[in-house]
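A quick write-up on the structure given underneath.
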Amino acid sequence: MEHMYELKNTDTIISPSLIYYEEIIRENIKKAIRTAGSPERLWPHVKSHKSKDMVRMQMEYGITKFKTATVAEAEMAAEAGAEKVILAYPLIGPNMERFVKLAKAYPDTVFYGVEDDLAQFEALSGVCVEHNAVLPMLVDVNMGMNRTGVPIERLEELYRSASSLPGLRLCGMHCYDGNHNNKDAAVRQAQVDDTDKKVSDIMERLNGDGICCELAVAGGTPSFPCHAGATRWYLSPGTAFITDAGYYMNLPDLDFIPGAAVMTRVISHPAKGVFTTDLGYKAIASDPAEQRGYIVGLEDAVPIIHSEEHWAFRLEDESRIPAIGSCLYVIPTHICPTTALYPEILVAKEGQVADRWQVTARNRRITY
């Protein structure tokens with residue numbers, strides 16, 4: 001794997017720099033499509049890359065629907081030509097009006113909002129009426145993660161209540177289940193089957209009563225293969241297309257290859273058996289606390305100090321300590337917040353930097 005990430009002609013590349021590897025990412029896109037059965041069934045999240053160029057690459061393969069976490073990401077996806085966009089984050093405060101204005105500004109894109117609380121549905125209804133807009137909506141379902149979403153036992157009641165509000169057109173359910181990430185694929189599948197059936201039963205009752213509830217978008221990277229076999233729902237992996245060390249090491253059954261690394265340089269040998277890089281936590285995500293990344297070819301190097309601009313490691317075999325000035329490639333444990341630390345991504349192809357992508361939605365606002 002070491003030579004997959006090594007770049008030629010690094011003399012002019014500043015460090016640290018974020019590198020995406022085009023060949024790997026394209027293969028990951030193909031794998032996701034095979035898992036889903038078709039590109040039409042995929043509704044991928046953009047939060048891992050926040051890049052218009054990455055959206056356009058996915059669109060080359062027939063993927064036209066995207067999920068987002070911010071108004072800026074939703075605008076970015078629309079600018080790229082997405083047919084449908086979900087803002088998969090409860091709309092509150094000024095984000096309600098921002099999102100309604102964004103939806104009116106891009107009439108060729110269908111925008112969906114999500115809510116999990118009746119008072120917020122009512123507030124959003126008022127904004128839509130004020131702007132003479134009708135906004136498609138999904139109810140955000142708590143699939144057991146306890147982060148957002150209405151608990152399943154209150155889901156049907158909320159859906160029925162919100163379905164009659166003016167300015168809103170309820171379409172279905174948003175079912176993110178980041179909690180379904182057990183290392184045992186069989187356990188993961190059983191957990192997914194259990195919650196999917198509960199939601200499916202509610203959807204069937206609603207539709208049977210003439211209340212439209214036909215759309216369901218489910219899963220993240222660990223669980224989308226489970227939903228793929230259990231339902232006909234849309235699938236929304238995010239990290240899978242880039243893949244980081246966290247999923248690669250903890251969920252090997254997914255078979256996605258890490259497609260990003262941070263190039264760093266050794267800057268010091270401050271003590272016996274220790275080397276320090278310029279990869280501080282301003283340049284790689286500071287979560288998880290235990291192991292924030294792995295050096296390709298030196299995976300056994302033990303992190304000992306990680307500060308803003310420095311990351312020091314210890315190696316038992318001093319003969320393997322890299323020379324000062326040498327380039328190393330670190331696979332982040334968590335790529336999503338790592339990408340957000342950079343204004344641009346260097347895109348490598350055949351061992352060389354071939355392109356530069358802007359991290360388009362890195363900030364919270366583009367236009368709206």
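Residues in the structure tokens are numbered from 1 in each chain, the chains being A, B, ... in the order shown, and ligands are numbered from 1 in the order shown.
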Check your understanding: Could you pull the residues within 8 Å of Met203 of chain A, counting only C-alpha atoms, minus those fewer than 2 positions along the same chain, as a VMD selection string?
Key -> chain A and resid 172 199 to 201 205 to 207 213 to 214
Go ahead and save the picked residues with N, CA, C and O atoms, as a PDB file, in the first residue's frame.
```pdb
ATOM      1  N   GLY A 172     -41.547  12.006   3.185  1.00  0.00           N
ATOM      2  CA  GLY A 172     -41.052  10.749   3.715  1.00  0.00           C
ATOM      3  C   GLY A 172     -40.132  10.938   4.892  1.00  0.00           C
ATOM      4  O   GLY A 172     -40.263  11.894   5.669  1.00  0.00           O
ATOM      5  N   VAL A 199     -39.845   1.539  10.940  1.00  0.00           N
ATOM      6  CA  VAL A 199     -40.125   2.720  10.121  1.00  0.00           C
ATOM      7  C   VAL A 199     -40.985   2.348   8.916  1.00  0.00           C
ATOM      8  O   VAL A 199     -41.924   3.068   8.560  1.00  0.00           O
ATOM      9  N   SER A 200     -40.685   1.219   8.295  1.00  0.00           N
ATOM     10  CA  SER A 200     -41.470   0.780   7.127  1.00  0.00           C
ATOM     11  C   SER A 200     -42.938   0.573   7.477  1.00  0.00           C
ATOM     12  O   SER A 200     -43.834   0.927   6.698  1.00  0.00           O
ATOM     13  N   ASP A 201     -43.191   0.002   8.649  1.00  0.00           N
ATOM     14  CA  ASP A 201     -44.577  -0.217   9.076  1.00  0.00           C
ATOM     15  C   ASP A 201     -45.317   1.107   9.226  1.00  0.00           C
ATOM     16  O   ASP A 201     -46.493   1.233   8.850  1.00  0.00           O
ATOM     17  N   ARG A 205     -48.595   2.530   7.026  1.00  0.00           N
ATOM     18  CA  ARG A 205     -49.856   3.008   7.609  1.00  0.00           C
ATOM     19  C   ARG A 205     -50.191   4.412   7.109  1.00  0.00           C
ATOM     20  O   ARG A 205     -51.346   4.713   6.790  1.00  0.00           O
ATOM     21  N   LEU A 206     -49.207   5.278   7.049  1.00  0.00           N
ATOM     22  CA  LEU A 206     -49.439   6.642   6.578  1.00  0.00           C
ATOM     23  C   LEU A 206     -49.924   6.643   5.135  1.00  0.00           C
ATOM     24  O   LEU A 206     -50.909   7.303   4.795  1.00  0.00           O
ATOM     25  N   ASN A 207     -49.226   5.916   4.279  1.00  0.00           N
ATOM     26  CA  ASN A 207     -49.640   5.850   2.874  1.00  0.00           C
ATOM     27  C   ASN A 207     -51.034   5.240   2.735  1.00  0.00           C
ATOM     28  O   ASN A 207     -51.831   5.672   1.892  1.00  0.00           O
ATOM     29  N   CYS A 213     -46.086   9.362   2.063  1.00  0.00           N
ATOM     30  CA  CYS A 213     -44.843   9.053   2.785  1.00  0.00           C
ATOM     31  C   CYS A 213     -44.099   7.991   1.985  1.00  0.00           C
ATOM     32  O   CYS A 213     -43.949   6.851   2.404  1.00  0.00           O
ATOM     33  N   GLU A 214     -43.638   8.377   0.818  1.00  0.00           N
ATOM     34  CA  GLU A 214     -43.071   7.412  -0.121  1.00  0.00           C
ATOM     35  C   GLU A 214     -41.550   7.394  -0.144  1.00  0.00           C
ATOM     36  O   GLU A 214     -40.942   6.417  -0.582  1.00  0.00           O
TER      37      GLU A 214
END
```
Practice item. Write out as JSON, numbers by chain which residues come within 10 Å of Leu235 of chain A when counting only C-alpha atoms, dropping same-chain ones fewer than 5 positions away. Key: {"A": [32, 35, 36, 39, 40, 41, 42, 43, 44, 45, 175, 176, 216, 217, 218, 219, 220, 221, 223, 224, 225, 226, 227, 228]}
Check your understanding: So how many Å separate atom CA of Ala69 of chain A and atom CA of Val85 of chain A, to one decimal?
Key -> 10.4 Å
Practice item. Would you list the contacts of segment 288-293 of chain A as a PyMOL selection string, taking every protein, DNA or RNA residue within 9 Å and counting only C-alpha atoms, but skipping same-chain residues closer than 6 positions in sequence? Key: chain A and resi 244-246+281+299+302-303+330-334
**Study point:** For Thr277 of chain A: contacts at 10 Å, only C-alpha atoms, fewer than 2 positions along chain excluded, given as a ChimeraX atom specification
**Key:** /A:15-16,264-269,275,279-280,306,309-313,324-328
Exercise for review: May I have the residues within 9 Å of Pro166 of chain A as a VMD selection string, using only C-alpha atoms and disregarding those fewer than 4 positions away in the same chain?
Suggested key: chain A and resid 122 125 to 126 128 to 129 134
Check your understanding: With only C-alpha atoms as the atoms that count, which of A:Gly144, A:Pro222, A:Gly62, A:Pro136 lies nearest to Val114 of chain A?
Key ->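 Ranking A:Gly144, A:Pro222, A:Gly62, A:Pro136 by distance to Val114 of chain A, first place goes to A:Pro136.
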Check your understanding: What is the atom CA of Pro151 of chain A to atom CA of Thr70 of chain A distance in Å?
Key ->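 Separating atom CA of Pro151 of chain A from atom CA of Thr70 of chain A is a distance of 23.0 Å.
Proximity to Thr239 of chain A was assessed for A:Arg188, A:Lys8, A:Lys31, A:His49 counting only C-alpha atoms; the smallest distance is recorded for A:His49.
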